[in-house]
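A quick write-up on the structure given underneath.
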Amino acid sequence: MNKIEIKAVFFDIDGTLVSFETHQVPQSTIEALDALRQKGIKVVIATGRPLHDINNLGDLEFDGYITANGAYCVTKDKELLHNNLISTESKEKLLEYLKINPFPCLFVTEGESFSNYIDEQVISINKMVNLPAPAIAPVERVLECDIFQIDAFIDAKEEKFLIDNILTDCEGNRWHPAFVDLNVKGNNKATGIEAFLKHYNIKQEQTMAFGDGGNDISMLEYVALGVAMGNANDEVKAKADFVTLSVDDQGISHALKHFDIV
C-alpha cells in the first residue's frame, strides 16, 4: 500500500487500546498516541461503551468520542455531533417480549446504564472489561428514558429472532458470543466516523482505524487504512487492510511505525 496522508485515527478501547489482561493502556500505545497528537493528527475513540463507562483511559487526551457503537458522538468539549435513539415502539415491543422470554438487558442512556436483572454471565463480562455490575431498575423505566443502546445477553440465534421479529428497526453489533449491542439499524462506528469527518472537514481517504471485535468491522472497512489487532478473531482480520501485533505486544505502535505515520 502506498503511503497515505493520515489526518485522523480512530481507536476501539477494549482489546485494542486497553489490554484484557492488565486492564491498562500499554506504555508503547501511550507514546504512539502522543506522537500522533504532536503531528496534528486527530485521535478519536470509537467504542461500544457509553461515554459514562469509559473508565480505563487514565488522563489520555482525545479529540472526540464515538460511543455506543456510533449512537452517541461528542467532541472533546462534549459538543454533540450525532445521536440516534431506539424508538418507543421498539422499546414497547421488547418489554412485551421480555415478559415471556426474560433475559438480562443493559439499557444505555446518556448519563447511566441500568439492567432489568443480572446473572453470573453479566457479572463475568463486566469483570472482563473492569466495570462494576450495573444498577438494577424496573424494566418499565426504559419508556421514560432516551435509550441509545441495549446490551442483550443472548446468543446469535436469539439475536436474529429478536431483530427479525421484535426490534425490526435495530441491528446487532457483537464482539463477544455472550451478548450483543443493539442499536438503531444503519448506525455503527462507521456512521460515527462520518459525523466526525464532516465536523473536522477531513476526507475519508485520510483516515485510519484500529479494532479487534465484530463491532469494529464497519469502521475497518470504511476508513482508508483498517488495522486489526493480532488478538482479533479471524473474521475481523479478514476485513482489515493490515493485521498488526496484539494489544499486549505493542500492536498499535508497530502498525503506526510500519506505515511510517509516527
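FYI, nothing fancy with the C-alpha cells labels: chains A, B, ... in order, residues from 1 per chain, ligands from 1 as they appear.
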Practice item. Name the residues of range 10-242 of chain A that fall into strand (DSSP E) according to DSSP on the backbone, using the chain letters and numbers of this document, as a VMD selection string. Key: chain A and resid 10 to 11 42 to 46 64 to 67 72 to 75 80 to 83 105 to 108 113 to 115 135 to 136 149 to 152 170 to 176 179 to 184 207 to 211 225 to 228 242
Point to revise | Test item: residues at most 10 Å from Phe103 in chain A, only C-alpha atoms, excluding those fewer than 4 positions along its chain, as number ranges by chain | key: A: 97-99, 116-119, 152-154
Point to revise | Spatial neighbours of Arg141 in chain A, 10 Å, only C-alpha atoms, chain gap at least 2 places, as a ChimeraX atom specification | key: /A:107,114-116,137-139,143-145
Check your understanding: If we count only C-alpha atoms, what is near Leu85 in chain A at a cut-off of 8 Å, once residues fewer than 5 positions away on the same chain are taken out, given as a list in words?
Key -> Ala71, Asp146, Ile147, Phe148, Gln149 and Val184 of chain A
Got time to write the residues from that selection, N, CA, C and O atoms, as a PDB file, in the first residue's frame?
ATOM      1  N   ALA A  71     -23.860   5.547  18.259  1.00  0.00           N
ATOM      2  CA  ALA A  71     -25.179   6.111  18.577  1.00  0.00           C
ATOM      3  C   ALA A  71     -25.094   7.415  19.362  1.00  0.00           C
ATOM      4  O   ALA A  71     -26.087   8.147  19.459  1.00  0.00           O
ATOM      5  N   ASP A 146     -34.414   8.141  27.272  1.00  0.00           N
ATOM      6  CA  ASP A 146     -33.849   8.078  25.925  1.00  0.00           C
ATOM      7  C   ASP A 146     -32.780   6.991  25.939  1.00  0.00           C
ATOM      8  O   ASP A 146     -31.777   7.095  26.649  1.00  0.00           O
ATOM      9  N   ILE A 147     -32.979   5.936  25.144  1.00  0.00           N
ATOM     10  CA  ILE A 147     -32.074   4.788  25.126  1.00  0.00           C
ATOM     11  C   ILE A 147     -31.267   4.799  23.827  1.00  0.00           C
ATOM     12  O   ILE A 147     -31.821   4.802  22.730  1.00  0.00           O
ATOM     13  N   PHE A 148     -29.938   4.808  23.963  1.00  0.00           N
ATOM     14  CA  PHE A 148     -29.054   4.797  22.797  1.00  0.00           C
ATOM     15  C   PHE A 148     -28.684   3.381  22.368  1.00  0.00           C
ATOM     16  O   PHE A 148     -28.419   3.127  21.200  1.00  0.00           O
ATOM     17  N   GLN A 149     -28.651   2.484  23.347  1.00  0.00           N
ATOM     18  CA  GLN A 149     -28.162   1.135  23.075  1.00  0.00           C
ATOM     19  C   GLN A 149     -28.743   0.162  24.090  1.00  0.00           C
ATOM     20  O   GLN A 149     -28.981   0.528  25.243  1.00  0.00           O
ATOM     21  N   VAL A 184     -29.865   1.334  16.636  1.00  0.00           N
ATOM     22  CA  VAL A 184     -30.742   1.627  15.510  1.00  0.00           C
ATOM     23  C   VAL A 184     -30.088   1.154  14.214  1.00  0.00           C
ATOM     24  O   VAL A 184     -28.884   1.322  14.010  1.00  0.00           O
TER      25      VAL A 184
END
Point to revise | Residue neighbourhood range 197-210 of chain A, 10 Å, only C-alpha atoms, exclusion window fewer than 6 positions, as number ranges by chain | key: A: 4-13, 16-17, 41-46, 75, 81, 191, 216-217, 219-229, 240, 242-244, 251-252, 255-256
**Study point:** Picked from range 34-233 of chain A by DSSP as helix (DSSP H, G or I), as a PyMOL selection string
**Key:** chain A and resi 34-38+51-53+68-70+88-100+120-128+139-144+156-165+189-200+204-206+214-222
Can you list, as a CSV table (one decimal) with N, CA and C atoms, in the first residue's frame, every protein, DNA or RNA residue that comes within 10 Å of Glu89 in chain A when you count only C-alpha atoms, leaving out same-chain residues fewer than 2 positions away?
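Saved the output as result-v3.csv:
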chain,number,residue,atom,x,y,z
A,86,ILE,N,-33.2,4.6,20.2
A,86,ILE,CA,-34.1,3.5,19.9
A,86,ILE,C,-35.5,3.9,20.1
A,87,SER,N,-36.4,3.6,19.1
A,87,SER,CA,-37.7,4.1,19.1
A,87,SER,C,-38.6,3.6,20.3
A,91,LYS,N,-39.0,-0.2,22.0
A,91,LYS,CA,-38.9,-0.4,23.5
A,91,LYS,C,-40.1,-1.1,24.0
A,92,GLU,N,-41.3,-0.7,23.5
A,92,GLU,CA,-42.6,-1.3,24.0
A,92,GLU,C,-42.7,-2.8,23.5
A,93,LYS,N,-42.2,-3.1,22.3
A,93,LYS,CA,-42.3,-4.5,21.8
A,93,LYS,C,-41.3,-5.3,22.6
A,94,LEU,N,-40.1,-4.8,23.0
A,94,LEU,CA,-39.2,-5.5,23.7
A,94,LEU,C,-39.7,-5.8,25.1
A,143,LEU,N,-39.2,3.2,29.1
A,143,LEU,CA,-40.2,4.0,28.4
A,143,LEU,C,-40.1,5.5,28.9
A,166,ILE,N,-38.9,-8.6,16.6
A,166,ILE,CA,-39.3,-7.7,17.7
A,166,ILE,C,-38.6,-6.3,17.4
A,167,LEU,N,-37.3,-6.2,17.4
A,167,LEU,CA,-36.6,-5.0,17.2
A,167,LEU,C,-36.3,-4.8,15.7
A,168,THR,N,-37.3,-4.7,14.9
A,168,THR,CA,-37.1,-4.7,13.5
A,168,THR,C,-36.4,-3.5,12.9
A,169,ASP,N,-36.3,-2.4,13.7
A,169,ASP,CA,-35.6,-1.2,13.2
A,169,ASP,C,-34.2,-1.1,13.9
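Near Asp34 in chain A, within 12 Å and counting only C-alpha atoms, sit Gln27, Ser28, Thr29, Ile30, Glu31, Arg37, Gln38, Lys39, Gly40, Ile41, Lys42, Val43, Asp59, Leu60, Glu61, Phe62, Ser253 and Val262 of chain A, not including residues fewer than 3 positions from it in the same chain.
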Point to revise | Which of A:Asp164, A:Asp14, A:Asp241, A:Glu158 sits closest to Asp53 in chain A [using only C-alpha atoms] | key: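 Nearest to Asp53 in chain A: A:Asp14.
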Check your understanding: Restricting the calculation to only C-alpha atoms, which member of A:Pro104, A:Gly111, A:Gly214, A:Gly192 is positioned closest to Ile54 in chain A?
Key -> A:Gly111
Practice item. Tell me, in Å to one decimal, how far CA of Tyr72 in chain A is from CA of Pro132 in chain A. Key: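 Computed distance, CA of Tyr72 in chain A to CA of Pro132 in chain A, equals 21.6 Å.
Reported to one decimal place, the separation of CA of His52 in chain A from CA of Asp181 in chain A is 16.1 Å.
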Review point. Any idea what the distance is between CA of Cys170 in chain A and CA of Leu182 in chain A?
Key: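 Separation of CA of Cys170 in chain A and CA of Leu182 in chain A: 6.4 Å.
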